[in-house]
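Read the structure below first, then the notes.
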Amino acid sequence: MAAQGIDAYPDFYRRSVEDPEWFWSTVAQDLNLCWNRPYDRVLDLADGVQWPHWFAGGRLNYVENCVDRHALGAMADQMAIIWVGDDGDERWLTYRELYERVNRLGAALRRLGIEEGDRVALFLPMIPETAIALLAIGRIGAIVIPTFSGYGPDAVASRLQDAGAKALITADGFPRRGRVVSMKETADVAVRSSPTVRHVIVVERTGREIPWTDGRDVWWHEIAAGMPTDEPALDTAADAPTMIIYTSGTTGRPKGALHVHAGFPVKAAQDMAHCFDVQAGDRLFWLTDIGWMMGPWAIMGATMLGACVVLFEGTPDHPGPDRLWSIVSEHRVTHLGIAPTVIRALMPKGDEWVEKHDLSSLMVLGGSGEPWNLGPWNWYFKIVGGSSLPIINYSGGTETSGGILGCNTLLPLKPMAFSTPVPGMDAAVFDESGSPITDAVGELVVRKPWVGMTKGFWQDDGRYLDTYWSRWEGIWAHGDWAVQQSGPQGAWFILGRSDDTLKVAGKRLGPAEVETAACRHEAVVEAAAIGVPDEVKGEAVTVFVVLRPGATADEGVRNGIRLLIGEHLGKALMPERVLFVRDLPRTRNAKIMRRVIRAKHLGQPMGDVSSLENPGAVEEIGRAV
């Protein structure tokens, strides 16, 4: 703002959406992007708002901006990656060391015949090789496909087949909660039904014996050994594809969001800098998997800014409930990101597990993936942040390359809320007629294109247009219900996915509203609300709740939860049923799968469930019903 002569944030944000070409050119300057050829024009809309061309005519390989300029300059000895394994192993890489390893793998991939535009899938846990592979694939102009480390063979195969992947990088296995998870066997089954895959590159993580196919399978350490450490990066166009991230759909096959060199990485770095205040030398630790967009987001964004990304292979409560806090303390993490669902799971373990560790290195807390409830937000703020650190609430998606709504370290914060749309994101809330509204629930939309907007779905332009652009002409409908409060400092709230919405007696209700009210009950640690058909109300509310350890699942607690929800939301919105479960179906990135809960409740097809972390929880729902 100071560099542009702007004093007040509202003026800065307003200009960022009114003059997007000015804004994104200043972002490129602020991030000090290195171009192999300067762009001719910031934005070209010749193909329509659905297909913008950013930095038209420019040539930029994002990996040179993430690795080379740091490794070949004054930051060569700065830490780029810190890795903590489930079993306590640790590895550290400076930018110079990262550069050398990225170059070696890139050269090895070229020797295997991987060329510009070829697709290479990652089926790996969060280990250093995951970041190295992500960057090496982009460096040689190929397209990376990150997949969840917990997928079964069918889920991996569907992504390999859809993308026409030429190679798959996997591991022999990895430890999780002290037990070895086999990956190579899963990869083998997936590859059998994926005829385009010619090479399987295997990381030796556990040293266990694994099945082997000669002529197809190769060890990472063998093919990378002796390769040059100064392999040149491919000179790529700014809008050349670099990544396909698949998201789960309610029906049909997963959607492959396509991203480009001057798209996803630039948006990730911009959000990380301007929302979270990440700077060179900081240490970012976001609890994630490479298959969730926050995995590539953390690696690309942190390295583009010259920060260090902390990768964690394990789970937040193994071997003890303080695993996360010990990592923050030991590795002097400055920026910590956790999904609200994880906070809800850690709260009942006790404050003492946090308070025994020195968290004084922390400067900023982050949260994303699910709407907050007040209790977990307050616990995160008070117990983890010592009532002195900002919580940067952040929400967007795989197709947006980062945030639509967020907070920053300049603006006042309100519990559970977003302070502002992210700069450059012309966000609004629309009613059913397509008019902007405040102080009422509506559809979250974006009115202008932005850097990082997906270049459509892989080989499925029609599905992309139908998903985001079919509701209102020239308007991106994101699929979230939101509320924008009126007034100069009006906060924003996201209430859940619009396909999760409840409509009770004509009133539209976000599941987060019901769940927040349920979690006010002293016995409840977590809740999921769904709507079920009702002859009188249209839909009635059913709430599935997870109780705190020691709480009794009896009629007194059940009625107490119902009454409490009615007290906060109104008697007309009191749930018809409150059902007790031990767990809720969730993805590996901790999102509760309400559509799966509703489908199980109603006996309907559940759609794509490949990203479920705990499929046994689906049967819990069935038993409760």
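To be explicit about the labels: the chains of the structure tokens are called A, B, and onward in the order shown, and within each one the residues are counted from 1, while ligands get numbers from 1 in the order they are shown.
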Need the shell around Val354 (chain A): protein/DNA/RNA residues with any atom at most 9 Å away, counting only C-alpha atoms. Skip same-chain ones fewer than 6 positions apart. Format as a CSV table (one decimal) with N, CA and C atoms, in the first residue's frame?
```csv
chain,number,residue,atom,x,y,z
A,321,PRO,N,-0.8,-36.4,22.5
A,321,PRO,CA,-1.7,-35.3,22.1
A,321,PRO,C,-0.9,-34.0,21.8
A,322,ASP,N,0.3,-33.9,22.1
A,322,ASP,CA,1.1,-32.7,22.0
A,322,ASP,C,2.0,-32.7,20.8
A,324,LEU,N,1.8,-31.8,17.6
A,324,LEU,CA,1.9,-30.5,16.9
A,324,LEU,C,2.6,-29.5,17.6
A,325,TRP,N,2.3,-29.3,18.9
A,325,TRP,CA,2.9,-28.3,19.7
A,325,TRP,C,4.4,-28.5,19.9
A,326,SER,N,4.8,-29.7,19.9
A,326,SER,CA,6.2,-30.0,20.1
A,326,SER,C,7.0,-29.7,18.8
A,383,ILE,N,-5.6,-20.5,24.0
A,383,ILE,CA,-4.7,-21.5,24.5
A,383,ILE,C,-3.4,-21.6,23.6
A,384,VAL,N,-3.7,-21.7,22.3
A,384,VAL,CA,-2.5,-21.8,21.4
A,384,VAL,C,-1.9,-20.5,21.2
```
Determine, counting only C-alpha atoms, which protein, DNA and RNA residues have an atom within 10 Å of an atom of Gly207 (chain A); residues of the same chain fewer than 6 positions away are not included. Present the result as a ChimeraX atom specification.
/A:171-174
Exercise: Trp472 (chain A) partners within 12 Å, only C-alpha atoms, chain neighbours under 2 positions left out, as a short mmCIF file (atom, residue, chain, number, x, y, z; two decimals) with C-alpha atoms, in the first residue's frame:
```cif
data_model
loop_
_atom_site.label_atom_id
_atom_site.label_comp_id
_atom_site.auth_asym_id
_atom_site.auth_seq_id
_atom_site.Cartn_x
_atom_site.Cartn_y
_atom_site.Cartn_z
CA PHE A 430 -26.02 -12.90 -4.22
CA ASP A 431 -29.64 -13.71 -3.55
CA GLU A 432 -31.60 -16.10 -5.78
CA SER A 433 -32.26 -13.35 -8.35
CA GLY A 434 -28.56 -12.53 -8.70
CA SER A 435 -28.62 -9.27 -6.71
CA GLU A 443 -24.46 -17.59 -2.63
CA VAL A 445 -19.74 -15.30 -5.93
CA VAL A 446 -16.75 -13.65 -7.62
CA ARG A 447 -17.58 -10.99 -10.20
CA LEU A 465 -18.67 -24.03 -17.30
CA ASP A 466 -21.72 -25.77 -15.86
CA THR A 467 -20.22 -25.94 -12.36
CA TYR A 468 -19.16 -22.31 -11.96
CA TRP A 469 -20.59 -20.15 -14.75
CA SER A 470 -24.11 -21.40 -15.48
CA GLY A 474 -20.26 -13.79 -16.34
CA ILE A 475 -20.36 -14.57 -12.58
CA TRP A 476 -18.36 -17.28 -10.79
CA ALA A 477 -20.74 -19.04 -8.35
CA HIS A 478 -18.45 -20.76 -5.88
#
```
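Excluding region 318-320 of chain A itself and same-chain residues fewer than 2 positions from it, the residues having an atom within 9 Å of it are Asp86, Asp87, Arg176, Arg177, Gly178, Gly314, Thr315, Pro316, Asp322, Arg323 and Trp353 of chain A, counting only C-alpha atoms.
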Kindly export the residues of the current selection with N, CA and C atoms, as a compact mmCIF listing (two decimals), in the first residue's frame.
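So the final result, stored in out.txt, reads:
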```txt
# COMPACT_ATOMS: atom_id res chain seq x y z
N ASP A 86 6.65 -39.39 10.94
CA ASP A 86 5.78 -40.01 11.94
C ASP A 86 6.60 -40.70 13.02
N ASP A 87 7.73 -41.28 12.60
CA ASP A 87 8.57 -42.04 13.53
C ASP A 87 9.64 -41.20 14.22
N ARG A 176 2.53 -44.67 9.86
CA ARG A 176 1.40 -43.85 10.30
C ARG A 176 0.91 -44.42 11.62
N ARG A 177 0.98 -43.62 12.66
CA ARG A 177 0.64 -44.07 14.02
C ARG A 177 1.46 -45.29 14.42
N GLY A 178 2.71 -45.32 13.96
CA GLY A 178 3.62 -46.38 14.34
C GLY A 178 3.52 -47.64 13.52
N GLY A 314 3.16 -37.26 9.90
CA GLY A 314 2.35 -38.02 10.84
C GLY A 314 0.98 -37.43 11.12
N THR A 315 0.43 -37.82 12.26
CA THR A 315 -0.90 -37.39 12.69
C THR A 315 -0.76 -36.51 13.93
N PRO A 316 -1.73 -35.63 14.17
CA PRO A 316 -1.55 -34.61 15.21
C PRO A 316 -1.56 -35.13 16.64
N ASP A 322 0.34 -33.92 22.15
CA ASP A 322 1.09 -32.67 21.98
C ASP A 322 2.02 -32.70 20.77
N ARG A 323 1.81 -33.62 19.83
CA ARG A 323 2.74 -33.75 18.71
C ARG A 323 2.89 -32.44 17.93
N TRP A 353 -1.46 -29.97 27.41
CA TRP A 353 -0.62 -30.48 26.33
C TRP A 353 -0.06 -29.35 25.47
```
Go through region 102-215 of chain A and flag each residue having an atom no more than 10 Å from region 261-280 of chain A; for those, report the closest pair of atoms plus their distance in Å to one decimal, using only C-alpha atoms, ordered by chain and rising number, as CSV.
```
residue,atom,partner,partner_atom,distance
A:Gly138,CA,A:His261,CA,8.1
A:Arg139,CA,A:His261,CA,10.0
A:Gly141,CA,A:His261,CA,9.3
```
